Every structure is written in structure tokens, then in C-alpha cells.
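Notes to accompany the following structure.
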Amino acid sequence: MTDKLIIFDTTLRDGEQSPGASMTRDEKLRIARQLERLRVDVIEAGFAASSNGDFEAVKSIANHIRESIVCSLARANDRDIARAAEALKGAARARIHTFIATSALHMEKKLRMTPDQVHEQARQSVRFARNLCGDVEFSPEDGYRSDIDFLCRVLETVIDEGATTLNIPDTVGYAIPELYGNFIRTLRERIPNSDKAIWSVHCHNDLGMAVANSLAGVKIGGARQVECTINGLGERAGNCSLEEVVMAVRTRRDYFDLDMGIDTTQILAASRMVSQTTGFVVQPNKAVVGANAFAHASGIHQDGVLKARDTYEIMRAEDVGWAANKIVLGKLSGRNAFKQRLQDLGIEMESEAEINAAFARFTDLADRKSEIFDEDIIALVGDESVTAEHEHYRLLALSQRSETGERPHARVAFAAGEIEHHAESDGNGPVDASLKAIESKVASGAELMLYSVNAITSGSTESQGEVTVRLQHGGRIVNGVGADPDIVVASAKAYLSALNKLQSKAERVAAQG
Ligand code: KIV
Ligand code: ZN
């Protein structure tokens, strides 16, 4: 057992499994770079065998990330494992994470395999993976609901085969902190070779206890790796939230007595990047990264904090990256200043042409908005997905008219590949009219499941509006995000971004078929 807690981030794999949270390869690479700045120990970059898109994303992250270990998920079969190894070839430090379900329910109903078959498949897969990679993690899916005798048998075998990390998922978020902690402790006590591997916790948040369960797994169970996601992103109610678990261990070092390699000042930037990329907005009262997390509204609290900070603050806002919003650039800032700011924010662009395109969007924004904040720059770079040449749908122009007592009307010009479309429509409001105009030409038939607007920088009507549009079509769900000082334009961008994602997802599915 070591006194270091390994932080394993799975935002790009388990987080991305959340309906609507799918990301492009470039978006994933940008987030992976931020995770590396945050100094997470392991980045689970995706599930290489699940699609060509995921394979390319894992490969690209493996080729660019040098400090963190880059990991790919793989089902417990040779094809998946070989595909993961192939995607990870360029990694400085690679890990293969293989899994198979071990609960009676999953084995019988989902896998239709006997316990002996599952045991044998786990053995073969870890053996195969170890021949390809020195760092192999094994997860018994639905581990927490598995028969403990059977689980001990499987885990003992995979340690013998060379698994270096054993991860015990609470796949359906059913655990209770004390029981989960005891479960991990019992496994470690009963398995004779348990000290040959690092034990890891992986908790889902269905009952709102993912962070508490993970911490119990660490404190009671002796786990030394926590699997988590930025903002707790993930399917259903999400995964254990990285920022909460990290700040709990750091703030209560007196209790946990564990070291971590995390640079906590990068937490907020990571949170914003994930939220802006996926369109999953962070609730204001979310611990650590919510807009109100460090805001004291009541007079008594404000008075106390002014007299002595620690009367009401257990963490310092600046330690997790909160600083007063800085006006970083304005209309007169040149290309070099802009390029430098991109570098400071850790945004790397592949080519001069990309920087030029981003700078053109920056000057356009600076013409319309006097103060440009870091958040605006992050949104502007994210917006590339709408304006970049390689995207199918791109907004060209929009005008709309709305007046009290009149039905709003919008005209939209947009490109679909090489073709320029001009469309117009009435609507209940200008946003409705704009989206209807686009839909009149595209005829996607997609169902609008969510529409939300947020101010990118808080507290001012001068802020850019950031719009999230969630569309569903043919069983697929995607989120599109668009930002602009004009929320009608931001809405049209978000709608086109969602259509682009629907289209690229359809291509991915077709490529697999
Ligand atoms: O929740 C789960 O069981 C998983 C495994 C694949 C590790 O995500
Ligand atoms: Zn999971």
C-alpha cells in the first residue's frame, strides 16, 4: 500500500457515454491536454474498439500526452484488447483496461455465460493484455453486486496473470459508503495475492453517493486509485466527481493522510472546458466548481469572511482556479497577444491556418464585445466546430425581426457542404423562427429535447450567451453548443453544431456496420 492516491480520469470514456456528451477527436484532445495540466495520473481516453472515431481519439491522445498514463478500455476479448494496444502504440506510458461482468445477473442475462466461462475469459484476457502492455487494469463489471466468493476467485486469478490494478465498479450506483468500504477491505483481506496490485474504486452516482462511496473505498477499503470524471459527467446521474474527491482528500488531509499529484489550480479551467464542450451546464450550487461555490450572500457570512476568511471558508477559491474575471484582450489586441493568450490557456493549435481562423473570429467578437475574457476565448475555440471548413453545416448569416404584437420572423444563410442555403420562417420567438428556418431546408426530423441559454461570464448582460441544443434522432442523442453575444445567433450555431454531430455520429455508425 502506498500513501499516494492515484487519480484516474474517465471523462473521455465513461463521461462521454452520457447521452449527448459525445465529443469529436479534437475536442477530446483539447480536454486531454487540460487533464495533463491538471496532472491527473491516468487519462482513460476512450474505448478504442467501439468505433473508428474512438480509436482515432485514443490514438491521437496517446501520441500527444507525455506525462499522464493514457488508457483505453477493452472488453475481455482478444480483438478489443489488440485494438486498444494498437491505438496506444504512440503513448509514452500506456495502460489497457479490460473488463467483464461478474454479477450473477449480468453473467446470466447479459453475457449468457456460466461463472466458469467468465472466470476463464478473464484469465485469458489479462494474460493476452499483459503480453501487449506492462500496465493492465482489470474491472469486474457490476463488481459490487457480485458474489464475493466468485469475485475473490476471479481477482486472484487475474492478479496471477499480471493485472497491475484491480478496479471494483459500483456500476449501477447501488453502494452505501460503509458497505462499499468494507467490501473492498474484505476483498483485499481474503485474496492471498492482493498486495501485488493497486486497488481502485469506480462509483456511479445514482443515489448521489459516488463521492462518499469512493472516499469510503479509500479510507475503509484501502484503495489507492479513484476513478472519476470532471463535473461528475457520466451516464444517468454520472460518475464520482473529480473536483469533489480531490478537494475532499486535500482539505481533509488530517483525516485521509494521502498525497496526490494534482495541480488543483487547474480544476476550474477543466470544469469549464468540459461543460462548454459537452453542453452539460454546471449547477450554480455544485461543490467546488459551481458559480456559487465560494459566494457568500448572507450578511453574517460576508461579515465573518471579511474579518477572518476561515470563519466560513474551508478552501480558498484561488486554490481551485477561481480568480476575478480578467479582461484579457480587447479590440486592439494583435495576433501575437492572442496567440500568447491561447498558449497561456493551454490551447494548442495544429497550424498557422487554424490560428488565423481563430484570430479572425476573435477580431469579429472584439468588434461586438468590448471586453474579452478567458471564457470567451475558450468558447471561441470550441466554436470552431461550427465555423471550421471541414464541418458540414456552417452558419453564414442571420437576421431576424421581432416586435411587440408581431410574429417574429428570421432569415438564415448557412452552408451544407458546398451548397449555400437561404431559408426563412416565422416562429413563436426569434429563436424558434431561426431554428425552423434551418430545419425547413435540412429536414433532419430530429426531435429537440433540450434548449438552454447561459451567460459565459457571470453577472452581466454584456456576456456572450452560450446555448446548448440537444437533439434526438434514430435513437441517437447529441448536444450542440454555440456562443455569441447575440443569443439568436448562438442558438442557430448550437443547432447547426448538433446537426453536424448527428451527421458524424451517423457516419461513425455506418462505418462500423
Ligand atoms: O461502471 C462500470 O462498470 C464501468 C466499467 C467498464 C469499469 O465503467
Ligand atoms: Zn462506469
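Residue names in the C-alpha cells use chain letters A, B, ... in the order shown, residue numbers from 1 in each chain, and ligand numbers from 1 in the order shown.
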
Could you give me the residues within 8 Å of ligand 2, counting only C-alpha atoms and all ligand atoms, as a ChimeraX atom specification?
/A:14,169-171,202-204,234,239

Put those residues in a file: all heavy atoms, as a PDB file, in the first residue's frame.
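In the end it all went to part_24.pdb:
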```pdb
ATOM      1  N   ASP A  14     -16.009   7.043 -19.719  1.00  0.00           N
ATOM      2  CA  ASP A  14     -17.294   6.848 -19.037  1.00  0.00           C
ATOM      3  C   ASP A  14     -18.121   8.135 -19.085  1.00  0.00           C
ATOM      4  O   ASP A  14     -19.341   8.096 -19.236  1.00  0.00           O
ATOM      5  CB  ASP A  14     -17.058   6.426 -17.581  1.00  0.00           C
ATOM      6  CG  ASP A  14     -18.026   5.343 -17.131  1.00  0.00           C
ATOM      7  OD1 ASP A  14     -18.948   5.034 -17.907  1.00  0.00           O
ATOM      8  OD2 ASP A  14     -17.886   4.816 -16.015  1.00  0.00           O
ATOM      9  N   PRO A 169     -15.979  -1.774  -9.693  1.00  0.00           N
ATOM     10  CA  PRO A 169     -17.031  -0.814 -10.020  1.00  0.00           C
ATOM     11  C   PRO A 169     -18.323  -1.061  -9.252  1.00  0.00           C
ATOM     12  O   PRO A 169     -18.747  -2.205  -9.072  1.00  0.00           O
ATOM     13  CB  PRO A 169     -17.282  -1.047 -11.519  1.00  0.00           C
ATOM     14  CG  PRO A 169     -16.214  -1.949 -11.998  1.00  0.00           C
ATOM     15  CD  PRO A 169     -15.726  -2.709 -10.796  1.00  0.00           C
ATOM     16  N   ASP A 170     -18.903   0.055  -8.836  1.00  0.00           N
ATOM     17  CA  ASP A 170     -20.303   0.038  -8.410  1.00  0.00           C
ATOM     18  C   ASP A 170     -21.059   0.572  -9.631  1.00  0.00           C
ATOM     19  O   ASP A 170     -21.449   1.739  -9.695  1.00  0.00           O
ATOM     20  CB  ASP A 170     -20.489   0.940  -7.183  1.00  0.00           C
ATOM     21  CG  ASP A 170     -21.949   1.018  -6.763  1.00  0.00           C
ATOM     22  OD1 ASP A 170     -22.706   0.075  -7.091  1.00  0.00           O
ATOM     23  OD2 ASP A 170     -22.343   2.016  -6.134  1.00  0.00           O
ATOM     24  N   THR A 171     -21.239  -0.312 -10.597  1.00  0.00           N
ATOM     25  CA  THR A 171     -21.700   0.066 -11.932  1.00  0.00           C
ATOM     26  C   THR A 171     -23.054   0.767 -11.922  1.00  0.00           C
ATOM     27  O   THR A 171     -23.311   1.652 -12.736  1.00  0.00           O
ATOM     28  CB  THR A 171     -21.767  -1.222 -12.802  1.00  0.00           C
ATOM     29  OG1 THR A 171     -20.475  -1.815 -12.774  1.00  0.00           O
ATOM     30  CG2 THR A 171     -22.188  -0.948 -14.219  1.00  0.00           C
ATOM     31  N   HIS A 202     -14.522   2.735  -8.385  1.00  0.00           N
ATOM     32  CA  HIS A 202     -15.197   3.309  -9.558  1.00  0.00           C
ATOM     33  C   HIS A 202     -16.688   3.348  -9.223  1.00  0.00           C
ATOM     34  O   HIS A 202     -17.354   2.321  -9.254  1.00  0.00           O
ATOM     35  CB  HIS A 202     -14.911   2.411 -10.773  1.00  0.00           C
ATOM     36  CG  HIS A 202     -15.584   2.849 -12.034  1.00  0.00           C
ATOM     37  ND1 HIS A 202     -14.886   3.314 -13.134  1.00  0.00           N
ATOM     38  CD2 HIS A 202     -16.888   2.893 -12.397  1.00  0.00           C
ATOM     39  CE1 HIS A 202     -15.715   3.612 -14.101  1.00  0.00           C
ATOM     40  NE2 HIS A 202     -16.959   3.361 -13.682  1.00  0.00           N
ATOM     41  N   CYS A 203     -17.191   4.520  -8.855  1.00  0.00           N
ATOM     42  CA  CYS A 203     -18.563   4.592  -8.337  1.00  0.00           C
ATOM     43  C   CYS A 203     -19.455   5.481  -9.185  1.00  0.00           C
ATOM     44  O   CYS A 203     -19.063   6.588  -9.568  1.00  0.00           O
ATOM     45  CB  CYS A 203     -18.537   5.119  -6.903  1.00  0.00           C
ATOM     46  SG  CYS A 203     -17.616   4.031  -5.809  1.00  0.00           S
ATOM     47  N   HIS A 204     -20.653   4.995  -9.423  1.00  0.00           N
ATOM     48  CA  HIS A 204     -21.666   5.792 -10.130  1.00  0.00           C
ATOM     49  C   HIS A 204     -22.587   6.449  -9.109  1.00  0.00           C
ATOM     50  O   HIS A 204     -22.684   6.024  -7.958  1.00  0.00           O
ATOM     51  CB  HIS A 204     -22.410   4.920 -11.136  1.00  0.00           C
ATOM     52  CG  HIS A 204     -21.580   4.686 -12.381  1.00  0.00           C
ATOM     53  ND1 HIS A 204     -21.731   5.446 -13.516  1.00  0.00           N
ATOM     54  CD2 HIS A 204     -20.559   3.833 -12.634  1.00  0.00           C
ATOM     55  CE1 HIS A 204     -20.844   5.055 -14.429  1.00  0.00           C
ATOM     56  NE2 HIS A 204     -20.118   4.068 -13.909  1.00  0.00           N
ATOM     57  N   GLY A 234     -21.260  11.755 -16.706  1.00  0.00           N
ATOM     58  CA  GLY A 234     -21.390  10.312 -16.909  1.00  0.00           C
ATOM     59  C   GLY A 234     -22.836   9.914 -17.115  1.00  0.00           C
ATOM     60  O   GLY A 234     -23.752  10.718 -16.880  1.00  0.00           O
ATOM     61  N   ASN A 239     -20.762   9.987 -12.768  1.00  0.00           N
ATOM     62  CA  ASN A 239     -19.697   9.275 -12.041  1.00  0.00           C
ATOM     63  C   ASN A 239     -19.271  10.099 -10.829  1.00  0.00           C
ATOM     64  O   ASN A 239     -19.706  11.232 -10.648  1.00  0.00           O
ATOM     65  CB  ASN A 239     -18.482   9.111 -12.963  1.00  0.00           C
ATOM     66  CG  ASN A 239     -18.677   8.052 -14.027  1.00  0.00           C
ATOM     67  OD1 ASN A 239     -19.618   8.108 -14.805  1.00  0.00           O
ATOM     68  ND2 ASN A 239     -17.805   7.074 -14.058  1.00  0.00           N
TER      69      ASN A 239
END
```

Near A:Gly465, counting only C-alpha atoms, which residues have an atom at most 6 Å away, once you skip same-chain residues fewer than 3 positions from it, shown as a PyMOL selection string?
chain A and resi 454-455+483-485+487

Residues from last step as file, N, CA and C atoms, as a PDB file, in the first residue's frame:
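Dumped to part.pdb:
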```pdb
ATOM      1  N   ASN A 454     -27.049  30.165 -21.295  1.00  0.00           N
ATOM      2  CA  ASN A 454     -26.309  30.617 -20.111  1.00  0.00           C
ATOM      3  C   ASN A 454     -25.393  31.758 -20.490  1.00  0.00           C
ATOM      4  N   ALA A 455     -25.113  32.625 -19.529  1.00  0.00           N
ATOM      5  CA  ALA A 455     -24.118  33.669 -19.776  1.00  0.00           C
ATOM      6  C   ALA A 455     -22.748  33.037 -19.560  1.00  0.00           C
ATOM      7  N   ALA A 483     -21.885  29.836 -29.127  1.00  0.00           N
ATOM      8  CA  ALA A 483     -21.724  31.031 -28.289  1.00  0.00           C
ATOM      9  C   ALA A 483     -21.689  32.268 -29.170  1.00  0.00           C
ATOM     10  N   ASP A 484     -22.304  33.318 -28.696  1.00  0.00           N
ATOM     11  CA  ASP A 484     -22.306  34.592 -29.422  1.00  0.00           C
ATOM     12  C   ASP A 484     -22.912  35.649 -28.499  1.00  0.00           C
ATOM     13  N   PRO A 485     -22.518  36.926 -28.659  1.00  0.00           N
ATOM     14  CA  PRO A 485     -23.187  37.962 -27.865  1.00  0.00           C
ATOM     15  C   PRO A 485     -24.683  38.023 -28.190  1.00  0.00           C
ATOM     16  N   ILE A 487     -27.954  36.023 -28.669  1.00  0.00           N
ATOM     17  CA  ILE A 487     -28.349  34.646 -28.332  1.00  0.00           C
ATOM     18  C   ILE A 487     -29.128  33.955 -29.449  1.00  0.00           C
TER      19      ILE A 487
END
```

Enumerate as a list in words the residues within 9 Å of ligand 1, counting only C-alpha atoms and all ligand atoms.
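With only C-alpha atoms and all ligand atoms and a cut-off of 9 Å, ligand 1 is contacted by Thr10, Arg13, Asp14, Leu73, Ala74, Arg75, His97, Thr98, Phe99, Ile100, Ala101, Phe138, Ser139, Pro140, Glu141, Asp142, Gly143, Asn167, Ile168, Pro169, Asp170, Thr171, Val172, Gly173, His202, Cys203, His204, Glu227 and Asn239 of chain A.
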
DSSP-assigned strand (DSSP E) among stretch 18-156 of chain A, expressed as an MDAnalysis selection string
chainID A and resid 42:46 69:75 94:101 136:141

List every residue of stretch 298-461 of chain A that DSSP, applied to the backbone of this structure, assigns to helix (DSSP H, G or I), and report them as an MDAnalysis selection string.
chainID A and resid 299:307 309:311 317:320 335:344 352:368 374:382 384:387 430:442

Close residues, stretch 41-47 of chain A itself excluded, 10 Å, only C-alpha atoms, min 4 positions apart in chain, as a PyMOL selection string:
chain A and resi 5-17+28-29+31-33+35-36+51-62+65+67-75+80-81+83-84+87-88+93-97+225+227+229+260-262

Surrounding residues of A:Gln266 excluding itself and chain neighbours under 2 positions, 7 Å, only C-alpha atoms, as number ranges by chain
A: 37-38, 263-264, 268-270, 320-321

Any idea what's packed within 8 Å of A:Ala82, counting only C-alpha atoms, ignoring anything in its chain fewer than 4 positions away? Could you give it as JSON, numbers by chain?
{"A": [78, 86, 129, 132]}

How would the residues just chosen look if you wrote them out with N, CA and C atoms as a CSV table (one decimal), in the first residue's frame?
```csv
chain,number,residue,atom,x,y,z
A,78,ASP,N,-9.8,-10.9,-27.3
A,78,ASP,CA,-8.5,-10.6,-28.0
A,78,ASP,C,-8.7,-9.4,-28.9
A,86,GLU,N,-3.1,-1.3,-30.2
A,86,GLU,CA,-2.8,-0.6,-31.4
A,86,GLU,C,-3.0,0.9,-31.3
A,129,ALA,N,-3.5,-9.4,-22.6
A,129,ALA,CA,-3.2,-7.9,-22.5
A,129,ALA,C,-1.8,-7.7,-21.9
A,132,LEU,N,0.9,-7.6,-24.3
A,132,LEU,CA,1.0,-6.4,-25.2
A,132,LEU,C,1.3,-5.1,-24.4
```

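The space separating atom CA of A:Gly232 from atom CA of A:Asp344 comes to 25.9 Å.
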
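Atom pair atom CA of A:Ile184 / atom CA of A:Gly217: separated by 6.3 Å.
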
Hey, which of A:Gln34, A:Thr24, A:Ser463, A:Ser194 ends up closest to A:Lys501? Count only C-alpha atoms.
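So, comparing all the options, the nearest one is A:Thr24.
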
For A:Leu215: contacts at 12 Å, only C-alpha atoms, fewer than 6 positions along chain excluded, given as a JSON list (two decimals) with C-alpha atoms, in the first residue's frame:
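Contents of the output file around_1.json:
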```
[["chain", "number", "residue", "atom", "x", "y", "z"],
["A", 5, "LEU", "CA", -3.74, 8.43, -4.22],
["A", 176, "ILE", "CA", -23.60, 2.67, 0.61],
["A", 177, "PRO", "CA", -20.29, 4.19, 1.83],
["A", 178, "GLU", "CA", -19.63, 1.96, 4.83],
["A", 179, "LEU", "CA", -20.70, -1.21, 3.00],
["A", 180, "TYR", "CA", -18.64, -0.39, -0.09],
["A", 181, "GLY", "CA", -15.56, 0.40, 2.02],
["A", 182, "ASN", "CA", -15.95, -2.89, 3.90],
["A", 184, "ILE", "CA", -13.11, -3.55, -0.73],
["A", 200, "SER", "CA", -9.19, 1.09, -7.33],
["A", 201, "VAL", "CA", -12.73, 2.41, -6.81],
["A", 202, "HIS", "CA", -15.20, 3.31, -9.56],
["A", 203, "CYS", "CA", -18.56, 4.59, -8.34],
["A", 209, "MET", "CA", -23.23, 8.80, -3.09],
["A", 221, "GLY", "CA", -11.06, -0.33, 2.00],
["A", 222, "GLY", "CA", -7.50, 0.88, 1.40],
["A", 223, "ALA", "CA", -7.99, 1.62, -2.29],
["A", 224, "ARG", "CA", -5.26, 3.81, -3.75],
["A", 225, "GLN", "CA", -6.83, 4.77, -7.08],
["A", 226, "VAL", "CA", -10.07, 6.70, -7.60],
["A", 227, "GLU", "CA", -11.82, 6.71, -10.97],
["A", 228, "CYS", "CA", -13.71, 9.92, -11.56],
["A", 240, "CYS", "CA", -17.74, 10.27, -8.97],
["A", 241, "SER", "CA", -16.77, 13.91, -9.43],
["A", 242, "LEU", "CA", -13.01, 14.54, -9.69],
["A", 244, "GLU", "CA", -15.06, 16.91, -5.17],
["A", 245, "VAL", "CA", -12.98, 13.86, -4.39],
["A", 246, "VAL", "CA", -9.68, 15.72, -4.89],
["A", 247, "MET", "CA", -10.68, 18.68, -2.75],
["A", 248, "ALA", "CA", -12.06, 16.40, -0.02],
["A", 249, "VAL", "CA", -8.77, 14.49, 0.20],
["A", 250, "ARG", "CA", -6.76, 17.70, 0.10],
["A", 252, "ARG", "CA", -9.16, 16.85, 4.98],
["A", 255, "TYR", "CA", -8.10, 12.50, 8.02],
["A", 256, "PHE", "CA", -7.02, 10.87, 4.75],
["A", 258, "LEU", "CA", -2.67, 10.88, 1.33]]
```

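Nearest to A:Ala210 of all the residues A:Val126, A:Ala197, A:Val469, A:Ala237 is A:Ala237, counting only C-alpha atoms.
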
A straight line from atom CA of A:Glu189 to atom CA of A:Ala212 spans 21.9 Å

With only C-alpha atoms as the basis for distance, which of A:Lys441, A:Arg407, A:Arg470, A:Arg316 is at the shortest distance from A:Gly427?
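Of A:Lys441, A:Arg407, A:Arg470, A:Arg316, the one nearest A:Gly427 is A:Arg407, counting only C-alpha atoms.
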
Using only C-alpha atoms, find the one residue out of A:Leu187, A:Ala48, A:Val218, A:Leu345 that sits nearest to A:Asp3.
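Among A:Leu187, A:Ala48, A:Val218, A:Leu345, it is A:Val218 that comes nearest to A:Asp3.
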